[in-house]
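Trainee: Sharing a structure here in structure tokens format.
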Amino acid sequence: MKFTPINGPLRGTLQVPGDKSISHRCVMFGSIAKGVTEVSGFLNSADCLSTIACFRNMGIEIETGPERGHVRIHGKGIHGLTAPKDTLDCGNSGTTTRLISGILAGQKFPSRLTGDASIQRRPMNRIIDPLTQMGASVRSEKDNGCSPLVIRPSHLHGIDYRSPVASAQVKSCILLAGLYADGRTSVIEPAPSRNHTELMLKGFGADITTERCRASVLPEPDLRGISVSVPGDISSAAYFIAAALMVPGSCVLLKNVGINPTRDGILEVVKAMGGSIERMNVKESGGERSADLLIRAQKLHGCRIGGPLIPRLIDELPVIAVLAAHAEGTTTITDAGELRVKESDRLDAIVTSLGAMGADVTGTADGMIIRGGRPLTGACIDSRMDHRIAMSFAVASLIADGPVEIRNAECVNISYPDFYRDLASLRRI
Ligand code: S3P
């Protein structure tokens with residue numbers, strides 16, 4: 001797909017699609033709760049549709065529509081799933097693969113799950129190890145620590161697990177297995193990761209307690225269907241936040257964006273870069289905070305990004321790097337080695353792609369140093385079939401001085417099928 005530089009400001013109002021993490025969880029938890037779970041604002045993207053397909057495959061009736069973003073899940077309780085008719089296909093989705101594994105470890109039937117080429121390269125030992133400690137039988141079919149995974153029924157024990165990574169997928173997997181264990185299960189993380197599982201499971205009636213870096217769950221809860229209103233995804237909003245900050249004269253209003261404090265790191269970075277974003281109509285539903293965000297173009301400077309801030313903006317780092325290349329001065333990103341094991345090696349993808357556009361960027365083992373302020377040039381960017389790389393460089397193209405071509409740009413359907421249409425809608429005004 002070809003992108004031409006912009007010759008005017010971005011203007012307008014957008015409702016970005018529903019939060020991906022929350023949408024996955026509604027389907028999973030709704031399926032193992034008793035009764036109906038009604039969801040509004042659900043993200044209809046390839047990743048979340050993979051989750052729906054997996055639970056339909058295990059006998060759960062899930063209706064979608066007629067209104068956009070409306071999903072009705074007819075849950076059958078924590079022991080209500082039935083053996084899948086065939087292999088569960090998690091597509092490109094790490095969240096589906098890792099969270100569902102926790103649920104499957106506690107079932108009385110065997111299962112096999114797989115996914116696309118990217119998912120078959122991503123590390124699964126991070127869930128296989130703790131699940132095995134709980135007594136689960138989870139095997140990497142090719143013995144390479146990756147999917148396909150084969151899970152067999154077994155008796156699960158509650159454990160106290162000290163996770164080496166701050167990962168909500170790992171934490172959630174263990175907590176979900178903990179619903180089927182014979183005692184309390186706790187996960188302690190090196191830094192707090194997103195807490196949607198804890199908030200939502202509590203809403204469904206689970207006995208969950210949380211401290212800063214520890215979450216504990218008691219087994220055999222009586223989960224009951226609830227209504228969930230999914231806020232807009234701050235990870236999708238991030239592209240428009242960056243674009244509106246960079247393109248001179250822009251003013252964009254993003255409606256009902258999730259600003260859960262475990263996810264709002266990008267807002268903190270914009271502040272550290274000298275920018276300000278106005279929050280309006282702040283509200284809360286199911287423990288999840290959201291707000292309208294008003295973003296105007298501003299001059300920004302470099303900053304340091306590392307430590308416990310990283311899990312709060314992990315998915316936004318590609319577009320934050322683009323923002324840093326535009327800002328004056330140096331931005332240093334550290335402690336972001338997790339980016340190497342996302343849908344692609346995102347550290348490498350960012351450094352290579354920004355370099356191709358003429359930015360002054362040096363990759364490090366766990367981050368990068370960006371000396372910003374150099375004009376960006378046109379280039380050909382390989383998305384590596386990674387939705388967040390495609391969207392980040394579509395944003396970079398707005399401020400380039402020549403056309404940018406993005407290969408396999410359609411991979412945005414993983415998290416944001418209408419991304420290019422929404423971006424174009426801001427350009428036309
Ligand atoms: C997610 C957690 C994060 C994030 C991913 C979604 C989730 O992954 O990168 O896009 O929904 O739990 P990790 O938990 O592996 O960091």
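Residue names in the structure tokens use chain letters A, B, ... in the order shown, residue numbers from 1 in each chain, and ligand numbers from 1 in the order shown.
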Set the distance at 8 Å and use only C-alpha atoms: which residues neighbour His24 of chain A once local chain neighbours fewer than 2 positions away are removed? I'd like the list as a PyMOL selection string.

Mentor: chain A and resi 20-22+26-28+48+51+95-96

Trainee: What's around Ile151 of chain A at 10 Å? Count only C-alpha atoms, leave out sequence neighbours fewer than 5 positions away in its own chain, and write the answer as a PyMOL selection string.

Mentor: chain A and resi 101-102+104-107+109-113+128+136-141

Trainee: Export N, CA and C atoms of the chosen residues as a PDB file, in the first residue's frame?

Mentor:
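After the write, part-v5.pdb holds the following:
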ATOM      1  N   SER A 101      -4.782 -21.584  27.164  1.00  0.00           N
ATOM      2  CA  SER A 101      -3.997 -22.716  27.687  1.00  0.00           C
ATOM      3  C   SER A 101      -4.237 -22.891  29.180  1.00  0.00           C
ATOM      4  N   GLY A 102      -4.370 -21.772  29.899  1.00  0.00           N
ATOM      5  CA  GLY A 102      -4.642 -21.843  31.333  1.00  0.00           C
ATOM      6  C   GLY A 102      -5.986 -22.500  31.594  1.00  0.00           C
ATOM      7  N   LEU A 104      -7.606 -24.526  29.433  1.00  0.00           N
ATOM      8  CA  LEU A 104      -7.573 -25.909  28.934  1.00  0.00           C
ATOM      9  C   LEU A 104      -6.854 -26.842  29.895  1.00  0.00           C
ATOM     10  N   ALA A 105      -5.847 -26.310  30.600  1.00  0.00           N
ATOM     11  CA  ALA A 105      -5.083 -27.146  31.545  1.00  0.00           C
ATOM     12  C   ALA A 105      -6.005 -27.716  32.618  1.00  0.00           C
ATOM     13  N   GLY A 106      -7.118 -27.033  32.890  1.00  0.00           N
ATOM     14  CA  GLY A 106      -8.022 -27.472  33.949  1.00  0.00           C
ATOM     15  C   GLY A 106      -9.205 -28.296  33.461  1.00  0.00           C
ATOM     16  N   GLN A 107      -9.230 -28.646  32.161  1.00  0.00           N
ATOM     17  CA  GLN A 107     -10.389 -29.376  31.629  1.00  0.00           C
ATOM     18  C   GLN A 107     -10.212 -30.896  31.728  1.00  0.00           C
ATOM     19  N   PHE A 109     -10.863 -32.907  29.345  1.00  0.00           N
ATOM     20  CA  PHE A 109     -10.660 -33.454  28.000  1.00  0.00           C
ATOM     21  C   PHE A 109      -9.314 -32.954  27.445  1.00  0.00           C
ATOM     22  N   PRO A 110      -8.735 -33.733  26.538  1.00  0.00           N
ATOM     23  CA  PRO A 110      -7.485 -33.285  25.924  1.00  0.00           C
ATOM     24  C   PRO A 110      -7.754 -32.258  24.828  1.00  0.00           C
ATOM     25  N   SER A 111      -6.763 -31.464  24.513  1.00  0.00           N
ATOM     26  CA  SER A 111      -6.924 -30.487  23.439  1.00  0.00           C
ATOM     27  C   SER A 111      -5.573 -30.226  22.771  1.00  0.00           C
ATOM     28  N   ARG A 112      -5.677 -29.697  21.553  1.00  0.00           N
ATOM     29  CA  ARG A 112      -4.465 -29.330  20.804  1.00  0.00           C
ATOM     30  C   ARG A 112      -4.704 -27.941  20.251  1.00  0.00           C
ATOM     31  N   LEU A 113      -3.711 -27.049  20.416  1.00  0.00           N
ATOM     32  CA  LEU A 113      -3.902 -25.732  19.816  1.00  0.00           C
ATOM     33  C   LEU A 113      -2.729 -25.347  18.953  1.00  0.00           C
ATOM     34  N   ILE A 128       4.303 -22.876  29.742  1.00  0.00           N
ATOM     35  CA  ILE A 128       4.441 -24.332  29.945  1.00  0.00           C
ATOM     36  C   ILE A 128       5.086 -24.594  31.315  1.00  0.00           C
ATOM     37  N   ALA A 136       0.018 -29.541  35.553  1.00  0.00           N
ATOM     38  CA  ALA A 136      -0.633 -29.674  34.243  1.00  0.00           C
ATOM     39  C   ALA A 136       0.245 -30.467  33.281  1.00  0.00           C
ATOM     40  N   SER A 137      -0.430 -31.021  32.264  1.00  0.00           N
ATOM     41  CA  SER A 137       0.308 -31.715  31.209  1.00  0.00           C
ATOM     42  C   SER A 137       0.187 -30.880  29.936  1.00  0.00           C
ATOM     43  N   VAL A 138       1.230 -30.076  29.661  1.00  0.00           N
ATOM     44  CA  VAL A 138       1.239 -29.217  28.478  1.00  0.00           C
ATOM     45  C   VAL A 138       2.541 -29.485  27.738  1.00  0.00           C
ATOM     46  N   ARG A 139       2.424 -29.854  26.485  1.00  0.00           N
ATOM     47  CA  ARG A 139       3.620 -30.234  25.738  1.00  0.00           C
ATOM     48  C   ARG A 139       3.689 -29.443  24.434  1.00  0.00           C
ATOM     49  N   SER A 140       4.896 -28.949  24.145  1.00  0.00           N
ATOM     50  CA  SER A 140       5.122 -28.332  22.845  1.00  0.00           C
ATOM     51  C   SER A 140       5.343 -29.477  21.857  1.00  0.00           C
ATOM     52  N   GLU A 141       4.456 -29.565  20.874  1.00  0.00           N
ATOM     53  CA  GLU A 141       4.456 -30.742  19.992  1.00  0.00           C
ATOM     54  C   GLU A 141       5.795 -30.960  19.296  1.00  0.00           C
TER      55      GLU A 141
END

Trainee: Determine, using only C-alpha atoms and all ligand atoms, which residues of chain A have any atom at most 10 Å from an atom of ligand 1, and tabulate each with its shortest atom pair and distance in Å to one decimal place, rows ordered by chain and then rising number, as a tab-separated table.

Mentor:
residue	atom	partner	partner_atom_place_in_ligand_line	distance
A:Asp19	CA	ligand 1	11 (O)	9.0
A:Lys20	CA	ligand 1	11 (O)	6.7
A:Ser21	CA	ligand 1	11 (O)	3.7
A:Ile22	CA	ligand 1	11 (O)	7.0
A:Ser23	CA	ligand 1	11 (O)	8.8
A:His24	CA	ligand 1	11 (O)	7.3
A:Arg25	CA	ligand 1	11 (O)	7.9
A:Ser93	CA	ligand 1	10 (O)	8.4
A:Gly94	CA	ligand 1	5 (C)	7.0
A:Thr95	CA	ligand 1	11 (O)	5.2
A:Thr96	CA	ligand 1	11 (O)	8.4
A:Arg98	CA	ligand 1	15 (O)	8.6
A:Leu99	CA	ligand 1	12 (O)	8.0
A:Arg122	CA	ligand 1	15 (O)	9.9
A:Pro123	CA	ligand 1	15 (O)	9.5
A:Arg126	CA	ligand 1	15 (O)	9.3
A:Val165	CA	ligand 1	16 (O)	8.0
A:Ala166	CA	ligand 1	16 (O)	6.5
A:Ser167	CA	ligand 1	14 (O)	3.4
A:Ala168	CA	ligand 1	14 (O)	3.6
A:Gln169	CA	ligand 1	14 (O)	3.8
A:Val170	CA	ligand 1	14 (O)	6.1
A:Lys171	CA	ligand 1	14 (O)	7.6
A:Ser172	CA	ligand 1	12 (O)	7.1
A:Cys173	CA	ligand 1	12 (O)	9.2
A:Ser193	CA	ligand 1	14 (O)	7.0
A:Arg194	CA	ligand 1	12 (O)	6.7
A:Asn195	CA	ligand 1	12 (O)	8.3
A:His196	CA	ligand 1	12 (O)	7.7
A:Thr197	CA	ligand 1	12 (O)	7.9
A:Ser235	CA	ligand 1	10 (O)	8.6
A:Arg263	CA	ligand 1	4 (C)	9.9
A:Ile310	CA	ligand 1	16 (O)	9.5
A:Pro311	CA	ligand 1	16 (O)	6.6
A:Arg312	CA	ligand 1	16 (O)	9.4
A:Leu313	CA	ligand 1	9 (O)	8.6
A:Ile314	CA	ligand 1	9 (O)	5.9
A:Asp315	CA	ligand 1	9 (O)	5.3
A:Glu316	CA	ligand 1	9 (O)	9.0
A:Glu338	CA	ligand 1	16 (O)	7.0
A:Leu339	CA	ligand 1	9 (O)	8.3
A:Val341	CA	ligand 1	15 (O)	8.4
A:Lys342	CA	ligand 1	9 (O)	6.9
A:Glu343	CA	ligand 1	10 (O)	8.8
A:Arg388	CA	ligand 1	10 (O)	9.7
A:Ser415	CA	ligand 1	10 (O)	9.4

Trainee: Counting only C-alpha atoms, which residue out of A:Leu253, A:Ala33, A:Ala238, A:Met246 sits closest to Met200 of chain A?

Mentor: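 Smallest distance to Met200 of chain A is found for A:Ala33.
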
Trainee: Restricting the calculation to only C-alpha atoms, which member of A:Arg346, A:Arg374, A:His301, A:Lys283 is positioned closest to Gly329 of chain A?

Mentor: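 The answer is A:His301, which sits nearest to Gly329 of chain A.
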
Trainee: Mind giving me the straight-line distance from atom CA of Glu211 of chain A to atom CA of Gly287 of chain A in Å, one decimal?

Mentor: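 Atom CA of Gly287 of chain A lies 15.4 Å from atom CA of Glu211 of chain A.
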
Trainee: Can you list, as a VMD selection string, all residues belonging to segment 83-280 of chain A that DSSP tags as strand (DSSP E or B)?

Mentor: chain A and resid 88 to 89 111 to 114 137 to 140 149 to 152 156 160 to 162 181 185 to 188 208 to 210 214 to 217 224 227 to 229 232 251 to 258 278 to 280

Trainee: I want to know what sits within 12 Å of Ile370 of chain A, based on only C-alpha atoms, with residues of the same chain fewer than 3 positions away left out; could you give that as number ranges by chain?

Mentor: A: 301-305, 320-334, 350-351, 354-355, 358-364, 367, 373-374

Trainee: Any chance you could export the current selection's N, CA, C and O atoms as a short mmCIF file (atom, residue, chain, number, x, y, z; two decimals), in the first residue's frame?

Mentor:
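Final output, out.cif:
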data_model
loop_
_atom_site.label_atom_id
_atom_site.label_comp_id
_atom_site.auth_asym_id
_atom_site.auth_seq_id
_atom_site.Cartn_x
_atom_site.Cartn_y
_atom_site.Cartn_z
N HIS A 301 10.10 17.06 22.81
CA HIS A 301 11.53 16.76 22.92
C HIS A 301 11.72 15.34 23.40
O HIS A 301 10.79 14.71 23.92
N GLY A 302 12.94 14.84 23.26
CA GLY A 302 13.24 13.45 23.62
C GLY A 302 13.12 13.20 25.12
O GLY A 302 13.02 14.13 25.92
N CYS A 303 13.07 11.94 25.51
CA CYS A 303 12.98 11.58 26.94
C CYS A 303 13.52 10.16 27.13
O CYS A 303 13.90 9.49 26.16
N ARG A 304 13.54 9.71 28.38
CA ARG A 304 13.97 8.35 28.69
C ARG A 304 12.76 7.48 28.96
O ARG A 304 11.85 7.89 29.70
N ILE A 305 12.76 6.29 28.39
CA ILE A 305 11.62 5.37 28.58
C ILE A 305 12.19 4.01 29.00
O ILE A 305 12.95 3.40 28.23
N ILE A 320 5.61 5.09 19.43
CA ILE A 320 6.34 6.05 20.27
C ILE A 320 7.73 6.29 19.67
O ILE A 320 8.24 7.41 19.68
N ALA A 321 8.33 5.26 19.09
CA ALA A 321 9.64 5.42 18.44
C ALA A 321 9.53 6.38 17.26
O ALA A 321 10.43 7.20 17.02
N VAL A 322 8.42 6.29 16.52
CA VAL A 322 8.21 7.21 15.40
C VAL A 322 8.10 8.65 15.93
O VAL A 322 8.70 9.58 15.40
N LEU A 323 7.35 8.80 17.01
CA LEU A 323 7.19 10.11 17.65
C LEU A 323 8.56 10.64 18.09
O LEU A 323 8.87 11.83 17.92
N ALA A 324 9.38 9.76 18.64
CA ALA A 324 10.71 10.16 19.13
C ALA A 324 11.61 10.58 17.97
O ALA A 324 12.45 11.48 18.12
N ALA A 325 11.45 9.94 16.80
CA ALA A 325 12.27 10.31 15.64
C ALA A 325 11.90 11.71 15.16
O ALA A 325 12.72 12.43 14.59
N HIS A 326 10.67 12.12 15.42
CA HIS A 326 10.21 13.45 15.02
C HIS A 326 10.57 14.50 16.06
O HIS A 326 10.89 15.65 15.72
N ALA A 327 10.57 14.12 17.34
CA ALA A 327 10.85 15.08 18.43
C ALA A 327 12.30 15.54 18.36
O ALA A 327 13.16 14.84 17.83
N GLU A 328 12.58 16.72 18.94
CA GLU A 328 13.96 17.22 18.98
C GLU A 328 14.70 16.52 20.10
O GLU A 328 14.16 16.33 21.19
N GLY A 329 15.97 16.16 19.87
CA GLY A 329 16.79 15.60 20.95
C GLY A 329 16.71 14.09 21.03
O GLY A 329 16.08 13.44 20.19
N THR A 330 17.34 13.57 22.07
CA THR A 330 17.54 12.12 22.16
C THR A 330 16.48 11.44 23.02
O THR A 330 16.16 11.91 24.10
N THR A 331 15.98 10.32 22.51
CA THR A 331 15.09 9.45 23.30
C THR A 331 15.80 8.11 23.48
O THR A 331 16.30 7.54 22.50
N THR A 332 15.85 7.64 24.73
CA THR A 332 16.48 6.35 25.00
C THR A 332 15.42 5.40 25.51
O THR A 332 14.72 5.70 26.48
N ILE A 333 15.32 4.25 24.84
CA ILE A 333 14.38 3.21 25.27
C ILE A 333 15.19 2.03 25.81
O ILE A 333 16.07 1.52 25.10
N THR A 334 14.93 1.65 27.05
CA THR A 334 15.63 0.50 27.67
C THR A 334 14.60 -0.48 28.24
O THR A 334 13.41 -0.16 28.35
N ILE A 350 11.56 -1.85 14.07
CA ILE A 350 11.52 -0.39 14.25
C ILE A 350 12.84 0.23 13.81
O ILE A 350 12.87 1.21 13.05
N VAL A 351 13.96 -0.37 14.28
CA VAL A 351 15.28 0.21 13.97
C VAL A 351 15.53 0.17 12.46
O VAL A 351 15.94 1.16 11.85
N LEU A 354 12.84 2.69 10.70
CA LEU A 354 13.15 4.11 10.92
C LEU A 354 14.44 4.47 10.20
O LEU A 354 14.56 5.56 9.61
N GLY A 355 15.42 3.56 10.24
CA GLY A 355 16.70 3.78 9.54
C GLY A 355 16.46 3.98 8.05
O GLY A 355 17.03 4.88 7.42
N GLY A 358 15.58 7.35 7.08
CA GLY A 358 16.58 8.40 7.30
C GLY A 358 16.71 8.87 8.73
O GLY A 358 17.45 9.82 9.02
N ALA A 359 16.04 8.18 9.68
CA ALA A 359 16.16 8.60 11.08
C ALA A 359 17.50 8.17 11.64
O ALA A 359 18.12 7.22 11.15
N ASP A 360 17.96 8.88 12.67
CA ASP A 360 19.21 8.55 13.33
C ASP A 360 18.87 7.66 14.53
O ASP A 360 18.48 8.14 15.59
N VAL A 361 18.97 6.35 14.34
CA VAL A 361 18.54 5.41 15.38
C VAL A 361 19.57 4.29 15.51
O VAL A 361 20.06 3.77 14.51
N THR A 362 19.90 3.96 16.77
CA THR A 362 20.84 2.87 17.03
C THR A 362 20.13 1.83 17.90
O THR A 362 19.62 2.16 18.98
N GLY A 363 20.11 0.59 17.45
CA GLY A 363 19.48 -0.48 18.23
C GLY A 363 20.41 -0.93 19.36
O GLY A 363 21.63 -0.88 19.23
N THR A 364 19.83 -1.32 20.48
CA THR A 364 20.59 -1.92 21.59
C THR A 364 19.95 -3.29 21.88
O THR A 364 18.93 -3.63 21.27
N GLY A 367 16.52 -2.26 23.56
CA GLY A 367 15.85 -1.00 23.24
C GLY A 367 16.50 -0.30 22.08
O GLY A 367 16.95 -0.93 21.13
N GLY A 373 14.55 14.55 15.23
CA GLY A 373 14.55 15.87 14.60
C GLY A 373 15.01 15.86 13.15
O GLY A 373 14.87 16.86 12.45
N ARG A 374 15.58 14.75 12.66
CA ARG A 374 15.96 14.67 11.24
C ARG A 374 14.71 14.47 10.40
O ARG A 374 13.84 13.69 10.79
#

Trainee: Identify all residues of segment 37-84 of chain A in alpha helix (DSSP H) (DSSP on the backbone) and supply them as a VMD selection string.

Mentor: chain A and resid 46 to 57

Trainee: Would you mind telling me which residue in A:Val247, A:Val36, A:Val412, A:Leu201 lies nearest to Lys299 of chain A when using only C-alpha atoms?

Mentor: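 Comparing A:Val247, A:Val36, A:Val412, A:Leu201 against Lys299 of chain A, the winner is A:Val247.
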
Trainee: Would you pick out the contacts of Ile103 of chain A at 6 Å or less, using only C-alpha atoms, so that residues sharing its chain but fewer than 3 positions from it are not included, and give the list as a CSV table (one decimal) with C-alpha atoms, in the first residue's frame?

Mentor:
chain,number,residue,atom,x,y,z
A,100,ILE,CA,-6.8,-20.4,26.7
A,106,GLY,CA,-8.0,-27.5,33.9
A,176,LEU,CA,-7.1,-19.0,34.9
A,177,ALA,CA,-5.6,-22.4,35.6

Trainee: For Lys85 of chain A, find every residue with an atom within 10 Å (counting only C-alpha atoms), except residues of its own chain fewer than 6 positions away, and show them as a JSON list (two decimals) with C-alpha atoms, in the first residue's frame.

Mentor:
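And here is the file that came out, around-v3.json:
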[["chain", "number", "residue", "atom", "x", "y", "z"],
["A", 56, "ARG", "CA", -17.60, -22.09, 19.73],
["A", 57, "ASN", "CA", -15.46, -25.14, 19.00],
["A", 58, "MET", "CA", -15.87, -26.08, 22.69],
["A", 59, "GLY", "CA", -19.66, -25.94, 22.57],
["A", 111, "SER", "CA", -6.92, -30.49, 23.44]]

Trainee: Nearest to Ile226 of chain A: which of A:Ser50, A:Gln133, A:Asn144, A:Ser40 is it, counting only C-alpha atoms?

Mentor: A:Ser40

Trainee: Pick the closest to Gly249 of chain A from A:Arg11, A:Arg68, A:Arg279, A:Arg289: which is it, counting only C-alpha atoms?

Mentor: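 Among the listed residues, A:Arg11 lies closest to Gly249 of chain A.
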
Trainee: Report as a PyMOL selection string all protein, DNA and RNA residues lying within 6 Å of segment 212-218 of chain A, evaluated on only C-alpha atoms, omitting residues in the same chain fewer than 5 positions from it.

Mentor: chain A and resi 184-189+191-192+207

Trainee: How many Å separate atom CA of Gly265 of chain A from atom CA of Glu410 of chain A?

Mentor: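 Calculated distance between atom CA of Gly265 of chain A and atom CA of Glu410 of chain A is 27.2 Å.
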
Trainee: Between A:Gly115, A:Val230, A:Asn260, A:Pro153, which has the minimum distance to Ala83 of chain A (counting only C-alpha atoms)?

Mentor: A:Pro153

Trainee: To one decimal in Å, tell me the separation between atom CA of Glu278 of chain A and atom CA of Pro17 of chain A.

Mentor: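 Between atom CA of Glu278 of chain A and atom CA of Pro17 of chain A the gap works out to 20.0 Å.
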